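Printed here is model_11.json (JSON, C-alpha atoms):
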```json
[["chain", "number", "residue", "atom", "x", "y", "z"],
["A", 1, "MET", "CA", 0.00, 0.00, 0.00],
["A", 2, "THR", "CA", 1.11, 3.54, -0.77],
["A", 3, "ILE", "CA", 0.08, 6.63, 1.18],
["A", 4, "VAL", "CA", -0.54, 9.65, -1.05],
["A", 5, "ASP", "CA", 0.10, 13.12, 0.33],
["A", 6, "SER", "CA", -2.30, 16.03, -0.13],
["A", 7, "THR", "CA", 0.16, 17.76, -2.48],
["A", 8, "VAL", "CA", -0.43, 15.03, -5.05],
["A", 9, "TRP", "CA", -4.18, 14.68, -4.46],
["A", 10, "ILE", "CA", -4.75, 18.41, -4.82],
["A", 11, "ASP", "CA", -2.90, 18.49, -8.13],
["A", 12, "TYR", "CA", -4.73, 15.34, -9.24],
["A", 13, "PHE", "CA", -8.19, 16.78, -8.54],
["A", 14, "ASN", "CA", -7.19, 20.06, -10.19],
["A", 15, "GLY", "CA", -6.16, 18.27, -13.38],
["A", 16, "VAL", "CA", -2.47, 19.13, -13.03],
["A", 17, "ILE", "CA", -0.28, 16.85, -15.11],
["A", 18, "SER", "CA", 2.95, 15.95, -13.35],
["A", 19, "GLN", "CA", 5.17, 12.97, -12.73],
["A", 20, "GLU", "CA", 3.41, 12.46, -9.38],
["A", 21, "THR", "CA", -0.16, 12.72, -10.69],
["A", 22, "ASP", "CA", 0.68, 10.38, -13.58],
["A", 23, "LEU", "CA", 2.12, 7.90, -11.10],
["A", 24, "LEU", "CA", -0.97, 8.22, -8.89],
["A", 25, "ASP", "CA", -3.19, 7.58, -11.89],
["A", 26, "ARG", "CA", -1.27, 4.39, -12.72],
["A", 27, "LYS", "CA", -1.18, 3.24, -9.10],
["A", 28, "LEU", "CA", -4.93, 3.72, -8.68],
["A", 29, "ALA", "CA", -5.42, 1.10, -11.40],
["A", 30, "THR", "CA", -2.89, -1.41, -10.07],
["A", 31, "ASP", "CA", -2.03, -0.89, -6.39],
["A", 32, "ARG", "CA", -3.63, -0.27, -3.03],
["A", 33, "ILE", "CA", -3.70, 3.41, -2.17],
["A", 34, "GLY", "CA", -4.30, 4.73, 1.33],
["A", 35, "ILE", "CA", -4.97, 8.12, 2.81],
["A", 36, "GLY", "CA", -4.55, 9.60, 6.26],
["A", 37, "ASP", "CA", -7.19, 11.50, 8.18],
["A", 38, "ILE", "CA", -5.11, 14.69, 8.19],
["A", 39, "ILE", "CA", -4.45, 14.34, 4.45],
["A", 40, "LEU", "CA", -8.19, 13.87, 3.87],
["A", 41, "SER", "CA", -8.85, 17.15, 5.67],
["A", 42, "GLU", "CA", -6.12, 19.02, 3.78],
["A", 43, "VAL", "CA", -7.46, 17.87, 0.41],
["A", 44, "LEU", "CA", -11.16, 18.43, 1.03],
["A", 45, "ARG", "CA", -10.88, 21.85, 2.66],
["A", 46, "GLY", "CA", -9.71, 23.38, -0.62],
["A", 47, "PHE", "CA", -12.76, 22.61, -2.75],
["A", 48, "LYS", "CA", -14.70, 25.72, -3.70],
["A", 49, "ASP", "CA", -17.83, 24.06, -5.06],
["A", 50, "ASP", "CA", -20.06, 21.56, -3.28],
["A", 51, "LYS", "CA", -20.29, 19.16, -6.22],
["A", 52, "GLY", "CA", -16.51, 18.75, -6.48],
["A", 53, "PHE", "CA", -16.24, 18.46, -2.71],
["A", 54, "GLU", "CA", -18.85, 15.69, -2.53],
["A", 55, "LYS", "CA", -17.38, 13.77, -5.45],
["A", 56, "ALA", "CA", -13.85, 13.91, -4.01],
["A", 57, "LYS", "CA", -15.09, 13.09, -0.50],
["A", 58, "ASN", "CA", -16.96, 10.01, -1.70],
["A", 59, "TYR", "CA", -13.98, 8.83, -3.69],
["A", 60, "LEU", "CA", -11.42, 9.42, -0.95],
["A", 61, "LEU", "CA", -13.63, 7.74, 1.65],
["A", 62, "SER", "CA", -13.60, 4.59, -0.49],
["A", 63, "LEU", "CA", -9.87, 4.29, 0.22],
["A", 64, "PRO", "CA", -8.40, 2.85, 3.42],
["A", 65, "CYS", "CA", -8.08, 5.80, 5.80],
["A", 66, "PHE", "CA", -5.59, 5.79, 8.67],
["A", 67, "ASP", "CA", -5.55, 7.80, 11.88],
["A", 68, "LEU", "CA", -2.12, 9.36, 11.47],
["A", 69, "CYS", "CA", -1.42, 10.73, 14.91],
["A", 70, "GLY", "CA", -1.78, 9.17, 18.31],
["A", 71, "LYS", "CA", 0.49, 9.54, 21.31],
["A", 72, "ALA", "CA", 3.21, 7.21, 19.95],
["A", 73, "ILE", "CA", 3.40, 8.97, 16.54],
["A", 74, "ALA", "CA", 3.21, 12.40, 18.22],
["A", 75, "LEU", "CA", 6.24, 11.54, 20.37],
["A", 76, "LYS", "CA", 8.18, 9.95, 17.52],
["A", 77, "SER", "CA", 7.45, 12.87, 15.18],
["A", 78, "ALA", "CA", 8.75, 15.29, 17.83],
["A", 79, "GLU", "CA", 11.93, 13.19, 18.04],
["A", 80, "ASN", "CA", 12.23, 13.15, 14.25],
["A", 81, "TYR", "CA", 11.74, 16.91, 14.07],
["A", 82, "ARG", "CA", 14.51, 17.38, 16.65],
["A", 83, "ILE", "CA", 16.85, 15.03, 14.73],
["A", 84, "LEU", "CA", 16.38, 17.12, 11.60],
["A", 85, "ARG", "CA", 16.78, 20.43, 13.50],
["A", 86, "LYS", "CA", 20.12, 19.20, 14.88],
["A", 87, "LYS", "CA", 21.18, 18.73, 11.25],
["A", 88, "GLY", "CA", 20.15, 22.30, 10.47],
["A", 89, "ILE", "CA", 16.95, 21.28, 8.68],
["A", 90, "THR", "CA", 13.63, 22.85, 9.61],
["A", 91, "VAL", "CA", 10.52, 21.12, 8.31],
["A", 92, "ARG", "CA", 8.02, 23.88, 7.53],
["A", 93, "LYS", "CA", 4.85, 22.07, 8.58],
["A", 94, "THR", "CA", 4.31, 19.92, 11.66],
["A", 95, "VAL", "CA", 1.71, 17.92, 9.76],
["A", 96, "ASP", "CA", 4.39, 16.80, 7.30],
["A", 97, "VAL", "CA", 6.54, 15.44, 10.12],
["A", 98, "ILE", "CA", 3.51, 13.54, 11.42],
["A", 99, "ILE", "CA", 2.71, 12.10, 7.96],
["A", 100, "GLY", "CA", 6.32, 11.17, 7.32],
["A", 101, "THR", "CA", 6.73, 9.60, 10.76],
["A", 102, "PHE", "CA", 3.53, 7.58, 10.34],
["A", 103, "CYS", "CA", 4.82, 6.21, 7.05],
["A", 104, "ILE", "CA", 8.26, 5.44, 8.50],
["A", 105, "GLU", "CA", 6.84, 3.68, 11.56],
["A", 106, "ASN", "CA", 4.39, 1.63, 9.46],
["A", 107, "ASP", "CA", 6.85, 0.91, 6.64],
["A", 108, "LEU", "CA", 4.56, 2.52, 4.06],
["A", 109, "PRO", "CA", 5.90, 4.39, 1.03],
["A", 110, "LEU", "CA", 4.72, 7.96, 0.47],
["A", 111, "LEU", "CA", 3.88, 9.55, -2.86],
["A", 112, "HIS", "CA", 4.38, 13.30, -2.48],
["A", 113, "ASN", "CA", 5.40, 16.52, -4.17],
["A", 114, "ASP", "CA", 6.69, 18.42, -1.14],
["A", 115, "ARG", "CA", 10.32, 19.19, -0.32],
["A", 116, "ASP", "CA", 9.64, 18.81, 3.42],
["A", 117, "PHE", "CA", 9.71, 15.05, 2.93],
["A", 118, "ASP", "CA", 13.12, 15.03, 1.19],
["A", 119, "ALA", "CA", 15.07, 15.34, 4.45],
["A", 120, "MET", "CA", 12.93, 12.64, 6.04],
["A", 121, "GLU", "CA", 13.83, 10.35, 3.17],
["A", 122, "LYS", "CA", 17.53, 11.18, 3.40],
["A", 123, "TYR", "CA", 18.00, 11.13, 7.18],
["A", 124, "LEU", "CA", 15.07, 9.20, 8.68],
["A", 125, "GLY", "CA", 14.49, 6.39, 6.17],
["A", 126, "LEU", "CA", 11.16, 7.53, 4.73],
["A", 127, "LYS", "CA", 10.35, 5.43, 1.67],
["A", 128, "VAL", "CA", 9.05, 7.47, -1.23],
["A", 129, "VAL", "CA", 7.49, 6.45, -4.51]]
```

Encoded form (structure tokens):
Amino acid sequence: MTIVDSTVWIDYFNGVISQETDLLDRKLATDRIGIGDIILSEVLRGFKDDKGFEKAKNYLLSLPCFDLCGKAIALKSAENYRILRKKGITVRKTVDVIIGTFCIENDLPLLHNDRDFDAMEKYLGLKVV
């Protein structure tokens, strides 16, 4: 199973053609795709019209949805953030550290288009697609 970050879903629903959206399109036909609760919120909050919102919501809710942050992931993501800070790297969004940590701890690859995950791949062992 692959977890797909909001950066890719948002582009996908907006019809943006990129390496990541093309890969998502292929994976939707052949692989299991999962989503996290926080990612679900990030994607759906951006819809301007109700019809698009409902269509995306129904589709995304058909995917396996994971609770990304409990006490264990919260603690581990704080540790991961501190590891990166000691290397001089500041991840811009706490939510990205949570998503990355969830994927690391559950050995799930992440499909993304966000530079915040690059350091997690390099220094923390995040698997990316």

| said: List as a VMD selection string the protein and nucleic acid residues near segment 57-69 of chain A, meaning an atom at most 8 Å away when all atoms listed in the file are counted, but skip any in the same chain fewer than 5 places from it. | reply: chain A and resid 33 to 38 40 44 74 98 to 99 102

| field | One-decimal distance in Å that lies between atom CA of Leu108 of chain A and atom CA of Gly70 of chain A | value |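 That distance, rounded to one decimal, is 17.0 Å.
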
| query | For the atom pair atom CA of Ala56 of chain A and atom CA of Phe13 of chain A, what is the interatomic distance in Å to one decimal place? | reply |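 Atom-to-atom, atom CA of Ala56 of chain A to atom CA of Phe13 of chain A, that is 7.8 Å.
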
| request: Name the closest residue to Ser18 of chain A among the candidates A:Lys55, A:Arg82, A:Arg45, A:His112; distances are taken between atoms, counting only C-alpha atoms. | output: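 Result for the nearest residue to Ser18 of chain A: A:His112.
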
Could you give me the axis-aligned bounding box of segment 27-34 of chain A, with 6 Å of padding per side, as centre plus edge lengths in Å to one decimal, as lines of an AutoDock Vina configuration file?
```
center_x = -3.3
center_y = 1.7
center_z = -5.0
size_x = 16.2
size_y = 18.1
size_z = 24.7
```

| note | Computed gap from atom CA of Asp96 of chain A to atom CA of Val128 of chain A is 13.5 Å

| task | Rank nothing, just name the residue among A:Ala78, A:Ala72, A:Asn14, A:Arg32 nearest to Pro109 of chain A, using all atoms listed in the file. | result |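 Closest candidate: A:Arg32.
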
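Considering all atoms listed in the file, the residue among A:Ile104, A:Met120, A:Ala29, A:Leu111 positioned nearest to Leu84 of chain A is A:Met120.
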
| task | Determine the nearest neighbour of Tyr12 of chain A from the options A:Leu75, A:Leu24, A:Ser41, A:Asp116, counting all atoms listed in the file. | result |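 The answer is A:Leu24, which sits nearest to Tyr12 of chain A.
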
| task | Return the single residue from A:Ile83, A:Ile39, A:Ile17, A:Ile89 that is closest to Leu110 of chain A, with distances computed using only C-alpha atoms. | result | A:Ile39

Starting from the block above, write segment 93-105 of chain A out to a file with N, CA and C atoms, as a tab-separated table (two decimals), in the first residue's frame, please.
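Done, and the output landed in selection_0.tsv:
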```
chain	number	residue	atom	x	y	z
A	93	LYS	N	6.18	22.37	8.06
A	93	LYS	CA	4.85	22.07	8.58
A	93	LYS	C	4.89	20.85	9.50
A	94	THR	N	4.38	21.02	10.70
A	94	THR	CA	4.31	19.92	11.66
A	94	THR	C	3.57	18.73	11.08
A	95	VAL	N	2.51	19.00	10.33
A	95	VAL	CA	1.71	17.92	9.76
A	95	VAL	C	2.57	17.03	8.85
A	96	ASP	N	3.53	17.61	8.17
A	96	ASP	CA	4.39	16.80	7.30
A	96	ASP	C	5.27	15.86	8.11
A	97	VAL	N	5.75	16.32	9.26
A	97	VAL	CA	6.54	15.44	10.12
A	97	VAL	C	5.67	14.29	10.63
A	98	ILE	N	4.43	14.58	10.95
A	98	ILE	CA	3.51	13.54	11.42
A	98	ILE	C	3.26	12.52	10.30
A	99	ILE	N	2.96	12.99	9.09
A	99	ILE	CA	2.71	12.10	7.96
A	99	ILE	C	3.95	11.25	7.67
A	100	GLY	N	5.09	11.90	7.59
A	100	GLY	CA	6.32	11.17	7.32
A	100	GLY	C	6.63	10.14	8.39
A	101	THR	N	6.46	10.52	9.64
A	101	THR	CA	6.73	9.60	10.76
A	101	THR	C	5.77	8.42	10.72
A	102	PHE	N	4.50	8.67	10.45
A	102	PHE	CA	3.53	7.58	10.34
A	102	PHE	C	3.98	6.58	9.28
A	103	CYS	N	4.38	7.10	8.13
A	103	CYS	CA	4.82	6.21	7.05
A	103	CYS	C	6.08	5.44	7.43
A	104	ILE	N	7.03	6.11	8.07
A	104	ILE	CA	8.26	5.44	8.50
A	104	ILE	C	7.92	4.32	9.49
A	105	GLU	N	7.15	4.64	10.50
A	105	GLU	CA	6.84	3.68	11.56
A	105	GLU	C	6.01	2.49	11.07
```
